[in-house]
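Quick look at protein-v8.csv (CSV, C-alpha atoms):
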chain,number,residue,atom,x,y,z
A,1,MET,CA,-23.0,-0.2,-16.9
A,2,ILE,CA,-21.4,-3.1,-15.1
A,3,ASN,CA,-21.5,-6.3,-17.2
A,4,ARG,CA,-20.5,-9.5,-15.3
A,5,ARG,CA,-19.4,-11.0,-18.6
A,6,ASN,CA,-16.6,-8.5,-18.6
A,7,LEU,CA,-15.3,-9.7,-15.3
A,8,LEU,CA,-12.7,-11.9,-17.1
A,9,ALA,CA,-11.2,-8.8,-18.6
A,10,ALA,CA,-10.3,-7.5,-15.2
A,11,GLY,CA,-7.8,-10.4,-14.8
A,12,SER,CA,-6.4,-10.8,-11.3
A,13,ALA,CA,-6.8,-7.1,-10.4
A,14,SER,CA,-5.2,-6.3,-7.1
A,15,VAL,CA,-7.0,-4.2,-4.5
A,16,ALA,CA,-5.7,-0.6,-4.7
A,17,LEU,CA,-8.2,1.1,-2.4
A,18,PRO,CA,-8.9,0.0,1.1
A,19,ALA,CA,-12.2,-2.0,1.1
A,20,VAL,CA,-14.7,0.1,3.1
A,21,ALA,CA,-17.8,-1.4,4.4
A,22,GLN,CA,-19.4,1.9,5.3
A,23,ALA,CA,-23.2,2.4,5.1
A,24,ALA,CA,-24.5,5.5,3.4
A,25,ASP,CA,-24.9,8.4,5.9
A,26,PRO,CA,-28.5,9.7,5.4
A,27,ALA,CA,-27.2,13.1,6.4
A,28,LEU,CA,-25.0,13.3,3.3
A,29,ALA,CA,-26.2,14.6,0.1
A,30,PRO,CA,-26.1,12.2,-2.8
A,31,ALA,CA,-22.9,12.3,-4.9
A,32,ARG,CA,-22.9,14.6,-7.9
A,33,ILE,CA,-20.9,13.4,-10.9
A,34,ILE,CA,-19.4,16.3,-12.9
A,35,PRO,CA,-17.6,15.8,-16.3
A,36,LEU,CA,-14.1,17.2,-16.2
A,37,TRP,CA,-14.1,18.6,-19.7
A,38,PRO,CA,-16.8,20.8,-21.3
A,39,ASP,CA,-16.5,18.7,-24.5
A,40,ARG,CA,-14.1,15.8,-25.1
A,41,ALA,CA,-10.9,15.4,-23.2
A,42,PRO,CA,-7.9,16.9,-24.9
A,43,GLY,CA,-5.7,15.0,-27.3
A,44,GLY,CA,-8.1,12.1,-28.0
A,45,GLU,CA,-7.9,12.2,-31.8
A,46,LYS,CA,-6.2,8.7,-31.9
A,47,VAL,CA,-8.1,7.2,-29.0
A,48,THR,CA,-10.3,4.2,-30.0
A,49,VAL,CA,-10.9,2.5,-26.6
A,50,GLN,CA,-14.4,2.0,-25.2
A,51,GLN,CA,-15.0,3.1,-21.6
A,52,ARG,CA,-16.3,0.2,-19.5
A,53,ALA,CA,-16.6,-0.8,-15.8
A,54,VAL,CA,-16.2,-4.3,-14.5
A,55,PRO,CA,-16.7,-5.8,-11.0
A,56,ARG,CA,-13.4,-6.4,-9.3
A,57,SER,CA,-14.4,-9.8,-8.1
A,58,ALA,CA,-17.2,-12.3,-8.4
A,59,THR,CA,-18.7,-11.1,-5.1
A,60,SER,CA,-18.3,-7.4,-5.8
A,61,GLY,CA,-21.1,-5.0,-4.8
A,62,PRO,CA,-22.3,-2.3,-7.2
A,63,GLU,CA,-19.6,0.2,-5.9
A,64,ASP,CA,-16.7,-2.2,-6.1
A,65,VAL,CA,-15.8,-1.7,-9.8
A,66,ALA,CA,-12.8,-0.9,-11.9
A,67,TRP,CA,-12.8,1.4,-14.9
A,68,TYR,CA,-11.0,0.6,-18.2
A,69,GLY,CA,-10.6,2.7,-21.3
A,70,VAL,CA,-11.7,5.9,-19.5
A,71,THR,CA,-12.7,8.5,-22.2
A,72,ARG,CA,-15.1,10.5,-20.1
A,73,PRO,CA,-13.2,11.4,-16.9
A,74,THR,CA,-15.3,12.7,-14.0
A,75,LEU,CA,-15.3,14.3,-10.6
A,76,GLY,CA,-17.7,12.7,-8.1
A,77,ILE,CA,-18.5,15.2,-5.3
A,78,VAL,CA,-19.8,14.2,-1.9
A,79,ARG,CA,-20.6,17.1,0.4
A,80,PRO,CA,-20.4,16.7,4.2
A,81,ALA,CA,-23.3,17.4,6.5
A,82,ARG,CA,-20.9,19.2,8.9
A,83,PRO,CA,-18.0,20.8,6.9
A,84,ASN,CA,-14.6,20.9,8.6
A,85,GLY,CA,-13.2,23.5,6.3
A,86,TYR,CA,-11.2,21.1,4.1
A,87,ALA,CA,-11.8,19.6,0.6
A,88,LEU,CA,-10.1,16.5,-0.8
A,89,LEU,CA,-9.4,15.6,-4.4
A,90,MET,CA,-9.2,11.8,-4.1
A,91,ALA,CA,-7.3,9.8,-6.7
A,92,PRO,CA,-8.0,6.0,-6.6
A,93,GLY,CA,-5.4,3.4,-7.6
A,94,GLY,CA,-5.3,0.7,-10.1
A,95,GLY,CA,-1.7,0.4,-11.4
A,96,TYR,CA,-2.5,2.8,-14.2
A,97,GLU,CA,-4.2,-0.1,-15.9
A,98,ARG,CA,-7.6,0.7,-14.5
A,99,VAL,CA,-9.2,3.1,-12.0
A,100,ALA,CA,-10.5,1.1,-9.0
A,101,SER,CA,-13.4,3.1,-7.7
A,102,ALA,CA,-17.1,4.0,-8.1
A,103,PRO,CA,-17.4,7.4,-9.7
A,104,SER,CA,-18.9,8.6,-6.4
A,105,GLY,CA,-15.9,7.4,-4.4
A,106,GLY,CA,-18.1,4.8,-2.7
A,107,GLY,CA,-17.6,4.0,1.0
A,108,MET,CA,-14.3,5.8,1.3
A,109,ALA,CA,-15.8,9.1,0.0
A,110,ARG,CA,-18.7,8.7,2.4
A,111,PHE,CA,-16.4,7.9,5.3
A,112,LEU,CA,-14.3,11.0,4.7
A,113,ALA,CA,-17.4,13.2,4.2
A,114,GLY,CA,-18.7,11.8,7.5
A,115,ARG,CA,-15.6,13.3,9.1
A,116,GLY,CA,-16.4,16.7,7.5
A,117,PHE,CA,-14.4,16.7,4.3
A,118,LEU,CA,-15.8,17.8,1.0
A,119,VAL,CA,-14.7,14.9,-1.3
A,120,GLY,CA,-14.2,14.9,-5.0
A,121,THR,CA,-13.3,11.5,-6.5
A,122,LEU,CA,-11.3,11.6,-9.7
A,123,ILE,CA,-11.9,9.0,-12.4
A,124,TYR,CA,-9.0,9.7,-14.6
A,125,ARG,CA,-7.8,8.7,-18.1
A,126,LEU,CA,-5.2,6.0,-18.5
A,127,PRO,CA,-1.8,6.8,-20.1
A,128,TYR,CA,-1.6,3.8,-22.5
A,129,ASP,CA,-5.0,4.4,-24.3
A,130,GLY,CA,-3.6,6.6,-27.1
A,131,TRP,CA,-4.0,10.1,-25.6
A,132,ALA,CA,-1.6,12.6,-27.1
A,133,ALA,CA,-0.4,13.5,-23.7
A,134,GLY,CA,0.6,9.9,-23.0
A,135,PRO,CA,1.9,9.7,-19.4
A,136,ASP,CA,0.6,13.2,-18.6
A,137,ALA,CA,-3.1,12.4,-19.4
A,138,PRO,CA,-3.8,11.6,-15.7
A,139,LEU,CA,-2.0,14.8,-14.7
A,140,GLN,CA,-4.2,16.8,-17.1
A,141,ASP,CA,-7.3,15.4,-15.5
A,142,ALA,CA,-5.9,16.0,-12.0
A,143,GLN,CA,-5.2,19.6,-12.7
A,144,ARG,CA,-8.6,20.2,-14.2
A,145,ALA,CA,-10.4,18.3,-11.4
A,146,PHE,CA,-8.5,20.2,-8.7
A,147,ARG,CA,-9.6,23.5,-10.2
A,148,LEU,CA,-13.2,22.3,-10.4
A,149,LEU,CA,-13.2,21.1,-6.8
A,150,ALA,CA,-11.6,24.3,-5.5
A,151,ARG,CA,-14.4,26.2,-7.2
A,152,GLU,CA,-17.0,23.9,-5.7
A,153,ALA,CA,-15.5,24.2,-2.3
A,154,GLY,CA,-15.6,28.0,-2.4
A,155,PRO,CA,-13.6,30.7,-0.6
A,156,GLY,CA,-12.1,29.9,2.7
A,157,VAL,CA,-11.9,26.1,2.2
A,158,LYS,CA,-8.5,24.5,2.2
A,159,THR,CA,-8.4,22.2,-0.8
A,160,GLY,CA,-5.8,19.4,-1.1
A,161,VAL,CA,-5.2,16.1,-2.9
A,162,ILE,CA,-5.0,12.6,-1.6
A,163,GLY,CA,-4.2,9.4,-3.5
A,164,PHE,CA,-3.9,5.6,-2.9
A,165,SER,CA,-1.4,3.3,-4.6
A,166,ALA,CA,-1.1,4.5,-8.2
A,167,GLY,CA,-3.5,7.2,-7.2
A,168,GLY,CA,-0.7,8.3,-4.8
A,169,HIS,CA,1.4,8.9,-7.9
A,170,VAL,CA,-1.3,11.0,-9.4
A,171,ALA,CA,-1.5,13.0,-6.2
A,172,GLY,CA,2.2,13.3,-6.0
A,173,SER,CA,2.4,14.4,-9.6
A,174,LEU,CA,-0.2,17.1,-9.1
A,175,ALA,CA,1.5,18.3,-5.9
A,176,SER,CA,4.9,18.5,-7.5
A,177,ARG,CA,3.9,19.6,-11.0
A,178,PHE,CA,1.0,21.9,-10.3
A,179,ALA,CA,2.7,24.8,-12.0
A,180,GLU,CA,3.1,23.0,-15.4
A,181,ALA,CA,0.7,23.9,-18.2
A,182,SER,CA,-0.1,20.3,-19.0
A,183,TYR,CA,-2.9,21.4,-21.4
A,184,ALA,CA,-4.0,24.5,-23.3
A,185,PRO,CA,-6.5,26.5,-21.2
A,186,LEU,CA,-10.1,26.0,-22.3
A,187,ASP,CA,-11.8,28.6,-20.1
A,188,ALA,CA,-11.3,31.0,-17.2
A,189,LEU,CA,-11.2,28.1,-14.8
A,190,ASP,CA,-7.9,26.9,-16.3
A,191,ARG,CA,-6.3,30.1,-15.5
A,192,THR,CA,-6.8,29.5,-11.7
A,193,SER,CA,-4.1,27.9,-9.5
A,194,ALA,CA,-3.8,24.1,-9.5
A,195,ARG,CA,-1.6,24.0,-6.4
A,196,PRO,CA,-3.1,21.9,-3.6
A,197,ALA,CA,-2.9,23.3,-0.1
A,198,PHE,CA,-1.7,19.9,1.0
A,199,ALA,CA,-1.1,16.4,-0.2
A,200,GLY,CA,-1.7,12.9,1.3
A,201,MET,CA,-0.1,9.9,-0.3
A,202,PHE,CA,-1.2,6.4,1.0
A,203,PHE,CA,1.0,3.3,0.2
A,204,PRO,CA,1.9,5.3,-3.0
A,205,VAL,CA,3.6,4.5,-6.2
A,206,VAL,CA,6.4,7.1,-6.3
A,207,THR,CA,9.5,6.0,-8.3
A,208,MET,CA,9.8,4.7,-11.8
A,209,ALA,CA,13.4,3.6,-11.1
A,210,ALA,CA,14.6,0.1,-10.4
A,211,PRO,CA,14.6,-1.8,-8.1
A,212,TYR,CA,11.7,-0.3,-6.2
A,213,ALA,CA,9.4,0.8,-9.1
A,214,HIS,CA,6.0,-0.9,-9.2
A,215,GLY,CA,6.3,-2.9,-12.4
A,216,GLN,CA,2.7,-2.6,-13.5
A,217,SER,CA,2.4,1.1,-12.9
A,218,ARG,CA,5.8,1.8,-14.6
A,219,ARG,CA,4.9,-0.3,-17.7
A,220,ASN,CA,1.5,1.3,-18.1
A,221,LEU,CA,2.8,4.8,-17.5
A,222,ILE,CA,6.1,5.0,-19.4
A,223,GLY,CA,6.5,1.7,-21.2
A,224,GLN,CA,8.2,-1.6,-20.9
A,225,ASP,CA,11.8,-0.3,-21.5
A,226,PRO,CA,11.8,3.4,-20.7
A,227,THR,CA,14.8,5.7,-21.2
A,228,PRO,CA,16.6,7.1,-18.2
A,229,GLU,CA,15.0,10.5,-19.1
A,230,ARG,CA,11.5,9.1,-18.9
A,231,ILE,CA,12.2,7.4,-15.7
A,232,ALA,CA,13.5,10.6,-14.2
A,233,ARG,CA,10.6,12.7,-15.4
A,234,TRP,CA,7.9,10.6,-14.0
A,235,SER,CA,9.6,9.7,-10.7
A,236,VAL,CA,7.9,11.9,-8.2
A,237,GLU,CA,10.9,11.9,-5.8
A,238,GLN,CA,13.1,13.3,-8.5
A,239,ASN,CA,10.9,16.3,-9.2
A,240,ILE,CA,10.1,17.9,-5.8
A,241,PRO,CA,9.9,21.7,-6.1
A,242,ALA,CA,10.7,24.0,-3.1
A,243,ASP,CA,7.1,25.1,-3.1
A,244,MET,CA,5.5,21.7,-3.0
A,245,PRO,CA,2.6,21.7,-0.5
A,246,PRO,CA,2.9,20.1,2.9
A,247,SER,CA,2.8,16.3,2.4
A,248,PHE,CA,1.6,13.3,4.5
A,249,VAL,CA,2.9,9.9,3.5
A,250,THR,CA,1.9,6.5,5.0
A,251,VAL,CA,2.7,2.9,4.2
A,252,ALA,CA,2.9,-0.6,5.7
A,253,ALA,CA,6.4,-2.2,6.0
A,254,ASP,CA,5.0,-5.5,4.7
A,255,ASP,CA,3.5,-4.1,1.5
A,256,ARG,CA,4.3,-6.7,-1.1
A,257,THR,CA,2.7,-4.8,-4.0
A,258,VAL,CA,4.4,-1.4,-3.9
A,259,PRO,CA,7.6,-1.5,-2.0
A,260,ALA,CA,7.7,0.7,1.1
A,261,GLU,CA,10.9,2.2,-0.2
A,262,ASN,CA,8.7,4.3,-2.5
A,263,SER,CA,7.4,6.1,0.6
A,264,LEU,CA,10.9,6.3,2.2
A,265,MET,CA,12.4,7.8,-0.9
A,266,LEU,CA,9.6,10.3,-1.2
A,267,PHE,CA,9.9,11.4,2.4
A,268,SER,CA,13.7,11.8,2.0
A,269,ALA,CA,13.2,13.9,-1.1
A,270,LEU,CA,10.6,16.1,0.7
A,271,ARG,CA,13.0,16.7,3.6
A,272,ALA,CA,15.8,17.6,1.3
A,273,LYS,CA,13.7,20.4,-0.2
A,274,LYS,CA,12.5,21.4,3.3
A,275,VAL,CA,8.9,20.6,2.5
A,276,PRO,CA,6.8,20.2,5.7
A,277,SER,CA,6.0,16.5,5.7
A,278,ALA,CA,5.2,13.5,7.8
A,279,LEU,CA,5.8,9.8,7.3
A,280,HIS,CA,4.1,6.9,9.1
A,281,VAL,CA,5.3,3.4,8.5
A,282,PHE,CA,3.1,0.7,10.1
A,283,ASP,CA,4.7,-2.7,10.8
A,284,VAL,CA,1.9,-4.6,9.2
A,285,GLY,CA,-1.0,-3.9,6.9
A,286,GLY,CA,0.0,-4.9,3.5
A,287,HIS,CA,-1.2,-3.0,0.4
A,288,GLY,CA,-4.4,-1.1,0.7
A,289,PHE,CA,-4.4,-1.6,4.4
A,290,GLY,CA,-7.5,-1.9,6.5
A,291,LYS,CA,-10.8,-0.3,6.7
A,292,PRO,CA,-11.2,3.1,8.3
A,293,GLY,CA,-12.2,2.4,11.9
A,294,ASP,CA,-11.1,-1.2,11.8
A,295,PRO,CA,-9.5,-1.9,15.2
A,296,SER,CA,-7.3,-4.7,13.8
A,297,GLY,CA,-4.9,-2.7,11.8
A,298,PRO,CA,-3.6,0.6,10.4
A,299,GLY,CA,-7.1,1.5,9.2
A,300,HIS,CA,-7.9,2.3,12.8
A,301,PHE,CA,-5.2,4.9,13.0
A,302,TRP,CA,-4.4,6.6,9.7
A,303,PRO,CA,-7.5,8.9,9.6
A,304,ASP,CA,-6.8,10.3,13.0
A,305,LEU,CA,-3.1,10.7,12.2
A,306,PHE,CA,-3.9,12.4,8.9
A,307,GLU,CA,-6.4,14.8,10.5
A,308,ASP,CA,-4.0,15.6,13.4
A,309,TRP,CA,-1.2,16.4,11.0
A,310,LEU,CA,-3.6,18.5,8.8
A,311,ARG,CA,-4.8,20.6,11.7
A,312,ARG,CA,-1.2,21.4,12.6
A,313,GLN,CA,-0.3,22.8,9.2
A,314,LYS,CA,-0.3,26.5,8.5
A,315,LEU,CA,-2.4,26.3,5.4
A,316,GLU,CA,-3.8,29.1,3.2
A,317,PRO,CA,-7.2,28.6,1.4
A,318,ILE,CA,-7.0,28.7,-2.4
A,319,SER,CA,-7.7,32.2,-3.6

With the file now loaded, output its structure as structure tokens.
Amino acid sequence: MINRRNLLAAGSASVALPAVAQAADPALAPARIIPLWPDRAPGGEKVTVQQRAVPRSATSGPEDVAWYGVTRPTLGIVRPARPNGYALLMAPGGGYERVASAPSGGGMARFLAGRGFLVGTLIYRLPYDGWAAGPDAPLQDAQRAFRLLAREAGPGVKTGVIGFSAGGHVAGSLASRFAEASYAPLDALDRTSARPAFAGMFFPVVTMAAPYAHGQSRRNLIGQDPTPERIARWSVEQNIPADMPPSFVTVAADDRTVPAENSLMLFSALRAKKVPSALHVFDVGGHGFGKPGDPSGPGHFWPDLFEDWLRRQKLEPIS
């Protein structure tokens, strides 16, 4: 439950998802929140944090929250009234310090569902909270959530992953490391593929290497003074496999939070491995640019650009 007295604990949290003033579509079914794990999340024997949600500002509405100490990761599913044949696992941002989203995905999930996407919003565990997997705790949740969403989507639906800011790093990690067994299988679901059909990364955190690493994300993910080996392992651009799914990347050149070079490095690495990919760099927009449909900035353009790109890919549904 949101407690305004906890607002101070949020500090000066930066906006990691575009702010979406989108009214609920009465044609959309209410979000369904699914626990990721049948019991407790793996590797939590030394975890002592308490999960809590706080408003992101003094004027925040009920959906504008940030989650700290996530111990019960979830997948919030919003089904479209008119399906377009695609499903999106959506990873919000938060600098790996928090997860900045309502469990339902809020206005962004409704906006995308209004365009026909089945949306599954991932509230993932944070790497510094004592999980045995450490930096791979978010990847464990992403792999499990993707499998759940693909099952929910059903045969014939092309299921991919998208992520914003640090959530872009979660999406990139899933897209590049889908074949890794990041946790011991719990059931038959965990023996199904975790490879997304496509990936979308929006103003993403990508590299852990100086000088372009996002300091907060790097510190929370791999520590204040990481070794070169840790930097390399958790830098998405250094771990692109030849079978990485087609990828869409977009950023604003004036992003002062996560340097645009993150996106440029990722696109260069994708091209080097001949992964079908697209890059859009807007001249202005900052970090978390614009509302979908906002005529004043990139928010007016990226949904159409993404859908146009997506329709032109030769994608196979998850079997």

Residues within 7 Å of A:Arg125, please, as a PDB file with C-alpha atoms, keeping the file's coordinate frame. Count all atoms listed in the file; anything in the same chain fewer than 3 positions from it doesn't count.
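Output (selection-v7.pdb):
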ATOM      1  CA  VAL A  70     -11.700   5.900 -19.500  1.00  0.00           C
ATOM      2  CA  THR A  71     -12.700   8.500 -22.200  1.00  0.00           C
ATOM      3  CA  PRO A  73     -13.200  11.400 -16.900  1.00  0.00           C
ATOM      4  CA  ALA A 137      -3.100  12.400 -19.400  1.00  0.00           C
ATOM      5  CA  PRO A 138      -3.800  11.600 -15.700  1.00  0.00           C
TER       6      PRO A 138
END

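Those residues that approach A:Asp64 to within 8 Å, counting all atoms listed in the file, are A:Pro55, A:Arg56, A:Ser60, A:Gly61, A:Pro62, A:Ala66, A:Ala100, A:Ser101, A:Ala102, A:Gly106; same-chain residues fewer than 2 positions away are not listed.
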
Output file for the selection above: C-alpha atoms, as a short mmCIF file (atom, residue, chain, number, x, y, z; two decimals), in the coordinates of the input:
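Generated output (selection_30.cif):
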data_model
loop_
_atom_site.label_atom_id
_atom_site.label_comp_id
_atom_site.auth_asym_id
_atom_site.auth_seq_id
_atom_site.Cartn_x
_atom_site.Cartn_y
_atom_site.Cartn_z
CA PRO A 55 -16.70 -5.80 -11.00
CA ARG A 56 -13.40 -6.40 -9.30
CA SER A 60 -18.30 -7.40 -5.80
CA GLY A 61 -21.10 -5.00 -4.80
CA PRO A 62 -22.30 -2.30 -7.20
CA ALA A 66 -12.80 -0.90 -11.90
CA ALA A 100 -10.50 1.10 -9.00
CA SER A 101 -13.40 3.10 -7.70
CA ALA A 102 -17.10 4.00 -8.10
CA GLY A 106 -18.10 4.80 -2.70
#

- [ ] For each of A:Ala81, A:Leu305, A:Ile231, A:Leu148, take the minimum atom-to-atom distance to A:Arg219, counting all atoms listed in the file, then give the residue where this is smallest.
- [x] A:Ile231

Task: 9 Å contact set for stretch 198-214 of chain A, all atoms listed in the file, chain neighbours under 4 positions out, as a PyMOL selection string - done: chain A and resi 93+95+158-175+218-219+222+228+230-238+244-252+255+257-263+265-266+286-289+306+310+313+315

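Closest approach to A:Pro185 among A:Gly107, A:Pro42, A:Pro127, A:Gly94: A:Pro42, based on only C-alpha atoms.
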
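For stretch 294-304 of chain A, the non-local neighbours within 9 Å, defined as residues at least 3 positions apart in the same chain or in other chains and counting only C-alpha atoms, are Pro18, Leu112, Thr250, Ala252, His280, Phe282, Asp283, Val284, Gly285, Phe289, Gly290, Lys291, Glu307, Asp308 and Trp309 of chain A.
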
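Separating atom CA of A:Pro103 from atom CA of A:Ile77 is a distance of 9.0 Å.
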
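Atom CA of A:Arg195 to atom CA of A:Ile34 spans 20.5 Å [interatomic distance, one decimal].
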
TODO: Compare A:Val78, A:Leu270, A:Val275, A:Val281 by their minimum atom-to-atom distance to A:Ala253, counting only C-alpha atoms, and give me the closest one.
DONE: A:Val281

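The gap separating atom CA of A:Ser104 from atom CA of A:Gly85 is 20.4 Å, in Å to one decimal.
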
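Of the listed residues A:Ile33, A:Leu126, A:Leu118, A:Leu28, the one whose atoms come nearest to A:Val49 is A:Leu126, with distances taken using all atoms listed in the file.
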
- [ ] Do a neighbour search on A:Thr48 at 10 Å with all atoms listed in the file, toss out local chain neighbours closer than 3 positions, and write the hits as a ChimeraX atom specification.
- [x] /A:44-45,51,69,71,129-131

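In this comparison, which uses all atoms listed in the file, the residue of A:Leu75, A:Ala109, A:Val65, A:Leu36 approaching A:Asp190 most closely is A:Leu36.
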
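Considering only C-alpha atoms, the residue among A:Met108, A:Ala153, A:Val99, A:Ala58 positioned nearest to A:Asn84 is A:Ala153.
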